[in-house]
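Asks: My structure is below; once you've seen it, I'll send some questions.
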There are 2 protein chains.
Amino acid sequence: MTGNSLKSYSEVYGEIDLAILDLKHLLGENLVISTAVRKQHGGGEVTYHQNMPPDAVAFATSTAQVSEIVKICAKHVVPIIPYGAGSSLEGQVSAIKGGICIDLSAMNQVIQVNAADLDVTVGAGLTRQELNIYLRDSGLFFPIDPGAEATLAGMAATRASGTNAVRYGTMRDNVINMTVVMPNGEIIKTGGRAKKSAAGYDLARLLIGSEGTLGIITELTLKLYGIPEKILSAVCSFDSIKQACEAVILTIQTGVPVARIELLDEIQVGACNSYSKLSLEVKPTLFIEFHGSENYCAEQVEMFKDIAAEYGSDDFKAAAKTEQRNVLWKARHDAYWAGCDLAPGLAHLSTDVCVPISNFADCVTQTKQDIIDSGLIGPIVGHAGDGNFHVLLSFDENSAEDNKKMQHFLDRLAARALHYEGTCTGEHGIGLGKAKYMFAEHGAGVNYMFAIKQALDPDNIMNPGKIFYG
Amino acid sequence: MTGNSLKSYSEVYGEIDLAILDLKHLLGENLVISTAVRKQHGGGEVTYHQNMPPDAVAFATSTAQVSEIVKICAKHVVPIIPYGAGSSLEGQVSAIKGGICIDLSAMNQVIQVNAADLDVTVGAGLTRQELNIYLRDSGLFFPIDPGAEATLAGMAATRASGTNAVRYGTMRDNVINMTVVMPNGEIIKTGGRAKKSAAGYDLARLLIGSEGTLGIITELTLKLYGIPEKILSAVCSFDSIKQACEAVILTIQTGVPVARIELLDEIQVGACNSYSKLSLEVKPTLFIEFHGSENYCAEQVEMFKDIAAEYGSDDFKAAAKTEQRNVLWKARHDAYWAGCDLAPGLAHLSTDVCVPISNFADCVTQTKQDIIDSGLIGPIVGHAGDGNFHVLLSFDENSAEDNKKMQHFLDRLAARALHYEGTCTGEHGIGLGKAKYMFAEHGAGVNYMFAIKQALDPDNIMNPGKIFYG
């Protein structure tokens, strides 16, 4: 270890005005300094973190242009914040030291579909929904679904996962290759298109989850999958959250290859009934999906029904038609908004942790009790098959007491997840919000992450203040 | 980038004698300097690289002890070479600058099986076969099978994969957590036991495939899988290698979830018939395995048979009994020795490349022609479902002409794989043998790998000269 540390927030970066002058020359009207646009890029749509606008927003249209922008920022030593859809939840796009936001949303091309290899190369700004719409007639799809209308590069940068991860893995598992602009403006590729490689350090996996602190992903080659012959969704309710969790655990342990298995506690079910006009029984509920051939799906359903019955559930209801299935998953996607509707007028915060599945029931049950004990409003919804769950907290952001209560709850939640050999975040990432848990989770490992950051970005211009404290 | 470079081979490390003195004090008889033991650790069993023995071999028994050994080596600035089973193929264990070999084979404990979470924590020196024997009665297994009796830490360090990777992924996908001794002797863990995490840089994935150049893996938590209800193996031959490859491609594209799909060219089939006393038709042949329920296996078999028939094969033969299945896969595992038997008295070299599956048939066909045109003996065997194949070259190591011919063939093979958007190694790793292809494959990306190496191991004591030149 070098013993040096990254530049602290308070250290002075270079002259932002000079950088803006050079960028204006390069980009013309694609460099925007209006307050509205800067503010729009200073915080996510649904993040609770304070909006901290950049000094300017550069709308990039190509990898070469991103490289030029980064070179200018590097020359003037000003911070760079990559921006896709702004759907991250932990303040990943806040310009806490000002600087230049690089908006990649115009780089939304589908560059090449290799159907024969089950892969596709896309621009950074393409969203997963746009990709799947594009692929509609090809019989292929990209399964990773974090809920939000996120860009694929943003999903890679935050190691996103979501409802399908239990079957298809996370972004970690589904990126084959990336084009990345490094902190000095150099353009690299992390690999070829082979399904595997043992050639040197895995730069792709290092960049996935690095939240823009090591480089800017401008293109990605992603794995695709054949759309299953049969997709069968279902709901199934339980008398207690513990029974629902236990059913999930046994499903995973038995090896039933569920494509999705989502837990909603009774508070969340009530919220979804109200927001999405459903009429589910207000009990802890699983939303499940099976993928496969007709027979294989039927086999999975039978196995799952036996397990559910073992934990006292006898109301397994299949959504036979595509429309019914869509209603169900639309409601699941809207769970955030449904939860917000429980406490209109308040601020909302979505947090997540992830634990080994054997500890899932205990961790969820204790968290639920903690919510009650704390007098908080907080529905729970989770990617149960991965041991990953979310709490949506509603609070008065102007109340010091509410803020303190909420913060203490978050600290206990992170500590509980670590106690259960889990992680302080399964999929939302660290950003600003969870940097304080990094040492608790990784111990001395943080120093090595830090050494890597310093080696690749010695001036700390890439999304400074994220992941690491200052 | 810092602009500095790693220490070159020719730079002087510290005093090895002083390190040995300190290590003798620490380890007593577990520090061995006999020529036989040093030579035994200076090269792999089946590698063609020159045996380069370390100055001493330290037999470690715990993570804490590895840490002490590394601290002594760091203090005296002497090279460290971690050693598991010595089954790597590209000179990964050669002590090209001398130094201390740390033999981890005694750290072969199964530390904890978490059947409920489908994971197991093991010591670095446990082999995959030992693990599976231990798990025998649990209904669980660890699928990654590189063929050799490799240690699990060695498999992680080289990002190993093998026959089952088409279904279960590689070591990249199957390591949950690792305990690692860093170049300064500090002990870190790369994560918890949750199935996924978005908390900071993915140190585990960085260390997997780093071939001992960044740290020493001393413990691993690995994913386990339920032993399938039904395992069905089969063989199936084709009139041409191209037809066999095309059948594989369509199998993968169709989404038949084969657990193994191995290609043997007719030369390899002949060699296996002779070595393993089989009576297979001497034609390009696929060894296939299906995992699943009784019905699901039957469904997969029917799909595969249709595909094979489409490419002119009508001799699909299932190995109904476990004994038959074992004979088949034993023969596949012994393919290396069978290939060697084709040219007794010569030296042998196993190399591998990996390409996108759509380019597999072309790459294999052209490589086969190249072997013929070069007058080489070289059976081909491959993890076809991943686009990964091996050539076993036999040559007279004392003939300059043979060495040159062989080296030129290897250069063309790597170039061909890169031309087809693949990698110069799918699973054997870089070691010494393929360092010269790193820039061709990664371009400027190598500089960033190099910067990481320098940041974590500034004195270049960790397995120097591997992966990177110089």
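How things are named: the first chain in the structure tokens is A, the next is B, and so on; residues count from 1 in each chain; ligands count from 1 in the order shown.
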Find the residues near Ala204 in chain A: any atom within 9 Å, counting only C-alpha atoms, skip ones fewer than 6 places away on the same chain, and give them as a ChimeraX atom specification.
Replies: /A:172,175-178,189-191
Asks: For Ser138 in chain B, list every protein, DNA or RNA residue within 10 Å, evaluated using only C-alpha atoms, and leave out those in the same chain fewer than 5 positions away; present the list as a PyMOL selection string.
Replies: chain B and resi 113+115+132+226-227
Asks: Could you state the separation of CA of Phe290 in chain A and CA of Ile208 in chain A in Å, given to one decimal place?
Replies: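 Computing the Euclidean distance for CA of Phe290 in chain A and CA of Ile208 in chain A yields 28.0 Å.
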Asks: Can you check which residues of chain A have any atom within 7 Å of chain B? Use only C-alpha atoms and format it as an MDAnalysis selection string.
Replies: chainID A and resid 1 116:118 158:159 188:202 205:206 209:210 226 253 255 296 354:358 386 421:430 442 444:445 448:449 451:452 455:456 467
Asks: Using only C-alpha atoms, which of A:Leu152, A:Leu224, A:Ile288, A:Leu349 sits nearest Phe316 in chain A?
Replies: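 When distances to Phe316 in chain A are compared using only C-alpha atoms, the smallest one comes from A:Ile288.
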Asks: For the structure I just gave you, how does DSSP split range 102-282 of chain A - specifically, which residues are strand (DSSP E)? Reply as a VMD selection string.
Replies: chain A and resid 102 to 103 110 to 114 119 to 123 140 to 141 175 to 181 187 to 189 216 to 223 225 to 226 230 to 237 260 to 264
Asks: Include C-alpha atoms and write out the residues we just selected as an mmCIF file, in the first residue's frame.
Replies:
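So the final result, stored in selection20.cif, reads:
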```cif
data_model
loop_
_atom_site.group_PDB
_atom_site.id
_atom_site.type_symbol
_atom_site.label_atom_id
_atom_site.label_comp_id
_atom_site.auth_asym_id
_atom_site.auth_seq_id
_atom_site.Cartn_x
_atom_site.Cartn_y
_atom_site.Cartn_z
ATOM 1 C CA ILE A 102 -21.517 13.465 -18.710
ATOM 2 C CA ASP A 103 -25.009 12.496 -19.836
ATOM 3 C CA VAL A 110 -28.231 -1.173 -30.439
ATOM 4 C CA ILE A 111 -24.871 -1.612 -32.130
ATOM 5 C CA GLN A 112 -24.906 -5.304 -33.008
ATOM 6 C CA VAL A 113 -27.092 -8.289 -32.215
ATOM 7 C CA ASN A 114 -25.228 -11.592 -32.503
ATOM 8 C CA ASP A 119 -25.104 -11.566 -27.280
ATOM 9 C CA VAL A 120 -25.754 -7.942 -28.115
ATOM 10 C CA THR A 121 -23.562 -4.845 -28.122
ATOM 11 C CA VAL A 122 -25.262 -1.600 -27.098
ATOM 12 C CA GLY A 123 -24.452 2.004 -26.324
ATOM 13 C CA LEU A 140 -34.308 -13.322 -27.402
ATOM 14 C CA PHE A 141 -34.385 -11.164 -24.278
ATOM 15 C CA VAL A 175 -21.643 -8.495 -19.175
ATOM 16 C CA ILE A 176 -19.272 -10.078 -21.693
ATOM 17 C CA ASN A 177 -17.275 -7.033 -22.754
ATOM 18 C CA MET A 178 -17.239 -3.279 -22.226
ATOM 19 C CA THR A 179 -15.720 -0.245 -23.864
ATOM 20 C CA VAL A 180 -14.543 2.093 -21.138
ATOM 21 C CA VAL A 181 -13.093 5.590 -21.108
ATOM 22 C CA ILE A 187 -10.366 4.103 -24.441
ATOM 23 C CA ILE A 188 -10.034 0.419 -23.546
ATOM 24 C CA LYS A 189 -11.992 -2.750 -24.098
ATOM 25 C CA ILE A 216 -16.960 5.554 -17.888
ATOM 26 C CA ILE A 217 -18.638 2.617 -19.582
ATOM 27 C CA THR A 218 -19.620 3.723 -23.096
ATOM 28 C CA GLU A 219 -20.517 0.397 -24.763
ATOM 29 C CA LEU A 220 -21.443 -3.034 -23.443
ATOM 30 C CA THR A 221 -21.721 -6.519 -24.865
ATOM 31 C CA LEU A 222 -24.379 -8.396 -22.916
ATOM 32 C CA LYS A 223 -25.572 -11.987 -22.737
ATOM 33 C CA TYR A 225 -31.321 -15.611 -23.532
ATOM 34 C CA GLY A 226 -33.979 -17.341 -25.577
ATOM 35 C CA LYS A 230 -43.586 -21.037 -21.426
ATOM 36 C CA ILE A 231 -43.647 -18.311 -18.795
ATOM 37 C CA LEU A 232 -45.943 -18.927 -15.879
ATOM 38 C CA SER A 233 -46.503 -16.430 -13.089
ATOM 39 C CA ALA A 234 -48.328 -17.009 -9.844
ATOM 40 C CA VAL A 235 -49.128 -15.562 -6.453
ATOM 41 C CA CYS A 236 -49.321 -17.391 -3.193
ATOM 42 C CA SER A 237 -49.962 -16.016 0.286
ATOM 43 C CA ARG A 260 -38.499 -14.868 -9.997
ATOM 44 C CA ILE A 261 -39.577 -15.294 -6.391
ATOM 45 C CA GLU A 262 -40.535 -12.002 -4.778
ATOM 46 C CA LEU A 263 -41.679 -11.453 -1.238
ATOM 47 C CA LEU A 264 -44.142 -8.701 -0.330
#
```
Asks: Which residues are close to range 40-54 of chain B, i.e. within 6 Å by only C-alpha atoms, leaving aside same-chain residues fewer than 6 positions away? Reply as a PyMOL selection string.
Replies: chain B and resi 86-87+89+91+93-96+98-101+349
Asks: From a DSSP pass on the backbone, collect the residues of range 74-314 of chain B flagged as helix (DSSP H, G or I) and hand them back as number ranges by chain.
Replies: B: 74-76, 115-117, 128-138, 152-157, 165-168, 171-174, 203-207, 241-254, 266-276, 294-310
Asks: Which polymer residues have any atom within 9 Å of an atom of Asn273 in chain B, counting only C-alpha atoms, with same-chain residues fewer than 6 positions away left out, as a VMD selection string?
Replies: chain B and resid 279 to 282 331 338
Asks: Can you pull out every residue within 7 Å of Ala361 in chain A, counting only C-alpha atoms, but drop anything in the same chain fewer than 5 positions away, and send it as a list in words?
Replies: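 These residues fall inside the cut-off: Lys242, Cys245 and Glu246 of chain A.
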Asks: So how many Å separate CA of His390 in chain A and CA of Tyr168 in chain A, to one decimal?
Replies: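 These two atoms are separated by 19.8 Å.
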